[in-house]
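Everything below concerns the one structure shown next.
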Amino acid sequence: MAKQILIVSNSFYPEISPRAFRTVELAKELARRGEHVTVLLPNRELYHKNPLPLHDISNTQTNNIKIIYGNSNLQREGEGNVKKNSKLRKFLPVWIQKMILYLYPHELFIKYDKGIYDTLCNVTGPYDAVISISYPAAIHRAVAKAAKRNPVLKKCIKIAEFSDPPFKGDFVKDVFPGYYCYMKHWGRIFDYFVTPVEKALECYTPYIGKERVKVIPQGFDMNSLKHVEYHPHSVPTFAYAGRFYTNIRDPRFFFDFLKSLDSPFHFDLYLNHIEPYFSEMIKDAQHNVKGEIVLHDAMPREELLSTLSLADFLVNFENTTSNATPSKLIDYAMTGRPIFSFNEKNFNKQLFLNALKGDYSGQVTGINLEDYDIRNVTNKFMELIGD
């Protein structure tokens with residue numbers, strides 16, 4: 001018998017983010033196999049204007065996905081993407097900012113959508129399972145609160161998916177007790193915690209039994225990529241797609257390295273968001289390299305992957321935190337091009353110089369795409385939901 005599954009997420013099509021892809025691919029695959037899926041999203045104009053294309057799902061299953069929205073005012077495009085405290089932080093010393101982050105669980109409050117909670121309190125289901133997808137972890141807060149009020153949610157299987165470890169890890173080593181209390185509480189509400197990488201398991205075991213923490217990778221539709229024929233370039237051509245972050249993914253060291261090169265190259269950047277700090281960094285590099293650095297607008301994922309497959313090789317800037325693995329590596333692997341992954345601490349200049357000469361011996365290895373096939377990933381979720 002088909003399962004009734006509720007997915008609660010803060011990101012969806014047409015947004016370009018790992019969380020949006022996680023939600024979309026899981027919902028579509030569940031629908032393909034005949035399950036009935038309801039996706040609860042924030043009430044954003046972007047989602048209303050851009051309905052999810054279902055051309056790759058058979059006609060008998062297009063009705064298997066139902067989209068509902070949080071009970072809040074419509075969020076216009078361009079609203080809600082700026083951090084509410086960004087202006088204030090400019091005037092605060094770094095040590096005060098760190099103290100605030102330590103004492104105040106901002107992700108659970110600033111990013112909390114009461115409309116999601118209100119809708120969850122009133123859903124009638126019935127549902128066999130609810131899958132709560134973070135980031136932000138405030139999604140889990142809404143589901144956990146509603147599960148105490150709504151019997152429909154209380155009696156179904158509840159799964160909290162953590163795309164990145166919240167509150168703990170290399171980036172936040174000392175955890176304020178308030179965070180611990182929330183996670184411990186969720187460990188009593190949710191039946192399972194799910195993380196995409198095994199090395200993040202220790203981030204969750206203080207809050208929930210190890211047997212209830214499951215590793216389920218990011219899922220990808222391996223048939224979505226339109227393969228194009230690769231031809232080597234006369235000038236070494238490499239590319240990066242994604243975004244940069246201060247503190248955990250700052251590529252300035254690499255752009256400084258590019259400025260030291262005496263040979264030509266072509267570097268394509270596909271950034272879905274760029275902060276002024278990085279914008280200035282890129283402009284400076286563009287005027288001080290002997291190669292070419294080209295900044296492109298973001299594009300839909302399928303189109304982006306096809307474009308990336310034309311490059312000689314791809315670069316990935318690793319987070320300085322060790323408890324998260326970017327889904328970008330899986331996207332990259334789908335293109336079939338060599339991947340070079342590094343951060344400031346482990347960047348090997350010689351291996352990169354070799355890559356510019358066509359020697360890709362330093363590329364990333366060991367990525368088994370079958371582990372990330374959305375069909376296998378969905379099987380793992382269904383095992384938690386049960387018969």
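Every chain in the structure tokens takes a letter, A first, then B, and so on in the order presented; its residues are numbered from 1, and the ligands are numbered from 1 following the presented order.
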
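Using only C-alpha atoms, the protein and nucleic acid residues lying no more than 10 Å from Ser224 (chain A), apart from those fewer than 5 places from it along its own chain, are Asp56, Arg301, Glu302, Glu303, Leu305, Ser306 and Met334 of chain A.
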
Quiz item: Among region 39-276 of chain A, which residues carry a DSSP assignment of strand (DSSP E or B), reported as an MDAnalysis selection string?
Solution: chainID A and resid 39:41 44 65:69 75 129:134 157:162 192:195 213:215 220 237:242 245 249 266:271

Self-check item: All residues 7 Å or closer to region 43-52 of chain A, only C-alpha atoms, same chain fewer than 6 positions away omitted, as a list of chain:residue names
Solution: A:Tyr13, A:Pro14, A:Tyr69, A:Gly70, A:Ser72, A:Asn73, A:Leu74, A:Gln75, A:Arg76, A:Glu77

With a cut-off of 9 Å, could you pull out the residues of region 284-341 of chain A touching region 206-223 of chain A and give me the nearest pair of atoms for each, distance in Å to one decimal, using only C-alpha atoms, ordered by chain and ascending number, as JSON lines?
{"residue": "A:Ser327", "atom": "CA", "partner": "A:Gln218", "partner_atom": "CA", "distance": 6.6}
{"residue": "A:Ile330", "atom": "CA", "partner": "A:Phe220", "partner_atom": "CA", "distance": 8.3}
{"residue": "A:Asp331", "atom": "CA", "partner": "A:Phe220", "partner_atom": "CA", "distance": 8.1}
{"residue": "A:Met334", "atom": "CA", "partner": "A:Met222", "partner_atom": "CA", "distance": 7.5}

Create the file for the chosen residues now, containing N, CA, C and O atoms and written as a PDB file, in the first residue's frame.
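File written: selection_10.pdb
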ATOM      1  N   SER A 327      27.944  18.356  -1.122  1.00  0.00           N
ATOM      2  CA  SER A 327      27.310  17.550  -2.165  1.00  0.00           C
ATOM      3  C   SER A 327      27.861  17.916  -3.533  1.00  0.00           C
ATOM      4  O   SER A 327      27.663  17.176  -4.497  1.00  0.00           O
ATOM      5  N   ILE A 330      29.706  15.300  -5.469  1.00  0.00           N
ATOM      6  CA  ILE A 330      28.923  14.292  -6.175  1.00  0.00           C
ATOM      7  C   ILE A 330      28.454  14.860  -7.514  1.00  0.00           C
ATOM      8  O   ILE A 330      28.487  14.183  -8.543  1.00  0.00           O
ATOM      9  N   ASP A 331      28.000  16.103  -7.491  1.00  0.00           N
ATOM     10  CA  ASP A 331      27.653  16.781  -8.743  1.00  0.00           C
ATOM     11  C   ASP A 331      28.839  16.770  -9.703  1.00  0.00           C
ATOM     12  O   ASP A 331      28.703  16.464 -10.883  1.00  0.00           O
ATOM     13  N   MET A 334      29.513  13.454 -11.333  1.00  0.00           N
ATOM     14  CA  MET A 334      28.567  13.118 -12.394  1.00  0.00           C
ATOM     15  C   MET A 334      29.004  13.676 -13.755  1.00  0.00           C
ATOM     16  O   MET A 334      28.593  13.177 -14.790  1.00  0.00           O
TER      17      MET A 334
END

Practice problem: Skip Gly115 (chain A) itself and residues of its chain fewer than 2 positions away, then list as number ranges by chain all residues within 7 Å of it, counting only C-alpha atoms. | Solution: A: 70-72, 113, 117-119

Self-check item: Test item, helix (DSSP H, G or I) assignment across region 10-249 of chain A, answer as a VMD selection string
Solution: chain A and resid 18 to 32 45 to 49 62 to 64 86 to 89 94 to 103 106 to 109 114 to 122 138 to 149 151 to 154 177 to 189 198 to 203 210 to 212

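In terms of minimum interatomic distance to Tyr230 (chain A), A:Leu308 ranks closest within A:Ala355, A:Leu308, A:Ile274, A:Leu258, counting only C-alpha atoms.
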
Quiz prompt | Neighbour list for Phe190 (chain A) as a ChimeraX atom specification, cut-off 12 Å, only C-alpha atoms, skip fewer than 2 positions in-chain | solution = /A:129-132,140-141,143-148,153-161,182-188,192-194,207-209,212-213,384

Serialized selection, C-alpha atoms, as a compact mmCIF listing (two decimals), in the first residue's frame:
# COMPACT_ATOMS: atom_id res chain seq x y z
CA ALA A 129 6.03 9.60 8.17
CA VAL A 130 7.23 13.19 8.35
CA ILE A 131 10.71 14.02 7.06
CA SER A 132 12.07 17.31 8.40
CA HIS A 140 13.15 20.75 13.21
CA ARG A 141 12.06 23.10 15.96
CA VAL A 143 8.15 19.97 13.59
CA ALA A 144 9.07 19.02 17.16
CA LYS A 145 6.76 21.67 18.64
CA ALA A 146 3.87 20.70 16.37
CA ALA A 147 4.32 16.98 17.10
CA LYS A 148 3.43 17.65 20.72
CA LEU A 153 2.30 13.94 13.75
CA LYS A 154 2.72 12.39 17.15
CA LYS A 155 1.92 8.86 15.98
CA CYS A 156 3.81 8.80 12.65
CA ILE A 157 7.50 8.08 12.07
CA LYS A 158 9.48 11.32 12.45
CA ILE A 159 12.85 11.77 10.73
CA ALA A 160 15.12 14.80 11.25
CA GLU A 161 17.57 15.20 8.38
CA TYR A 182 17.17 21.50 22.08
CA MET A 183 19.02 18.61 20.48
CA LYS A 184 18.35 16.36 23.47
CA HIS A 185 14.66 17.26 23.28
CA TRP A 186 14.56 16.47 19.55
CA GLY A 187 16.17 13.13 20.33
CA ARG A 188 13.03 12.30 22.30
CA TYR A 192 15.66 9.04 13.72
CA PHE A 193 18.36 11.59 13.01
CA VAL A 194 19.81 11.40 9.50
CA TYR A 207 21.68 13.66 21.88
CA ILE A 208 20.24 10.39 20.60
CA GLY A 209 21.16 6.70 20.68
CA ARG A 212 18.90 5.89 15.79
CA VAL A 213 21.41 7.97 13.82
CA LEU A 384 13.13 3.77 8.27

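Residues with any atom within 12 Å of Gln350 (chain A), counting only C-alpha atoms and excluding same-chain neighbours fewer than 6 positions away, are A:Phe257, A:Leu261, A:Leu356, A:Lys357, A:Asp359, A:Tyr360, A:Ser361, A:Gly362.
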
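Closest approach to Arg32 (chain A) from the set A:Asn64, A:Gln363, A:Ser309, A:Ser163 is made by A:Asn64, with distances taken over only C-alpha atoms.
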
Quiz item: Hey, what's within 10 Å of region 244-253 of chain A if we count only C-alpha atoms and toss same-chain stuff fewer than 6 positions away? As a PyMOL selection string, please?
Solution: chain A and resi 170-171+271-275+277-278+281-282+285+316-321+342-345+347

Would you save the residues of that selection, restricted to N, CA and C atoms, as a short mmCIF file (atom, residue, chain, number, x, y, z; two decimals), in the first residue's frame?
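Contents of part13.cif, as written:
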data_model
loop_
_atom_site.label_atom_id
_atom_site.label_comp_id
_atom_site.auth_asym_id
_atom_site.auth_seq_id
_atom_site.Cartn_x
_atom_site.Cartn_y
_atom_site.Cartn_z
N ASP A 170 34.06 21.30 14.23
CA ASP A 170 35.29 22.09 14.28
C ASP A 170 35.00 23.58 14.33
N PHE A 171 33.90 24.01 13.70
CA PHE A 171 33.60 25.44 13.62
C PHE A 171 33.03 25.97 14.93
N LEU A 271 28.85 31.27 -9.52
CA LEU A 271 28.52 31.54 -8.13
C LEU A 271 27.05 31.91 -8.01
N ASN A 272 26.33 31.20 -7.11
CA ASN A 272 24.91 31.51 -6.94
C ASN A 272 24.67 32.62 -5.92
N HIS A 273 25.74 33.06 -5.27
CA HIS A 273 25.66 34.21 -4.37
C HIS A 273 27.09 34.68 -4.13
N ILE A 274 27.27 36.00 -4.06
CA ILE A 274 28.62 36.51 -3.84
C ILE A 274 28.56 37.71 -2.91
N GLU A 275 29.34 37.65 -1.84
CA GLU A 275 29.42 38.75 -0.89
C GLU A 275 30.43 39.79 -1.39
N TYR A 277 33.00 41.13 -0.10
CA TYR A 277 34.38 40.75 0.19
C TYR A 277 34.96 39.88 -0.92
N PHE A 278 34.19 38.90 -1.36
CA PHE A 278 34.66 38.00 -2.40
C PHE A 278 34.57 38.64 -3.79
N MET A 281 37.69 40.51 -4.14
CA MET A 281 38.79 39.56 -4.31
C MET A 281 38.89 39.09 -5.76
N ILE A 282 37.74 38.77 -6.36
CA ILE A 282 37.71 38.28 -7.73
C ILE A 282 38.12 39.38 -8.71
N ALA A 285 41.84 39.83 -8.62
CA ALA A 285 42.53 38.74 -9.31
C ALA A 285 42.39 38.86 -10.83
N ASN A 316 37.31 22.16 -6.17
CA ASN A 316 36.39 22.27 -5.04
C ASN A 316 37.15 22.85 -3.87
N PHE A 317 36.58 23.89 -3.26
CA PHE A 317 37.18 24.48 -2.07
C PHE A 317 36.53 23.84 -0.85
N GLU A 318 37.32 23.08 -0.11
CA GLU A 318 36.80 22.35 1.04
C GLU A 318 36.52 23.28 2.20
N ASN A 319 35.51 22.94 2.99
CA ASN A 319 35.28 23.64 4.24
C ASN A 319 36.43 23.35 5.20
N THR A 320 36.75 24.32 6.05
CA THR A 320 37.76 24.06 7.06
C THR A 320 37.22 23.17 8.17
N THR A 321 35.87 23.06 8.26
CA THR A 321 35.28 22.11 9.20
C THR A 321 35.38 20.71 8.62
N PHE A 342 40.55 20.91 -2.18
CA PHE A 342 41.56 21.37 -1.23
C PHE A 342 41.04 22.57 -0.45
N ASN A 343 41.75 22.90 0.60
CA ASN A 343 41.55 24.16 1.32
C ASN A 343 42.93 24.76 1.56
N GLU A 344 42.97 25.84 2.30
CA GLU A 344 44.24 26.55 2.49
C GLU A 344 45.28 25.69 3.18
N LYS A 345 44.82 24.78 4.05
CA LYS A 345 45.75 23.98 4.83
C LYS A 345 46.39 22.86 4.02
N PHE A 347 46.37 22.58 0.43
CA PHE A 347 46.58 22.86 -0.99
C PHE A 347 48.00 22.50 -1.41
#

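Among the candidate residues A:Pro105, A:Pro151, A:Pro53, A:Pro93, the one lying nearest to Tyr127 (chain A) is A:Pro151, with distances computed using only C-alpha atoms.
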
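Note that the spacing between CA of Asn288 (chain A) and CA of Lys259 (chain A) amounts to 5.9 Å.
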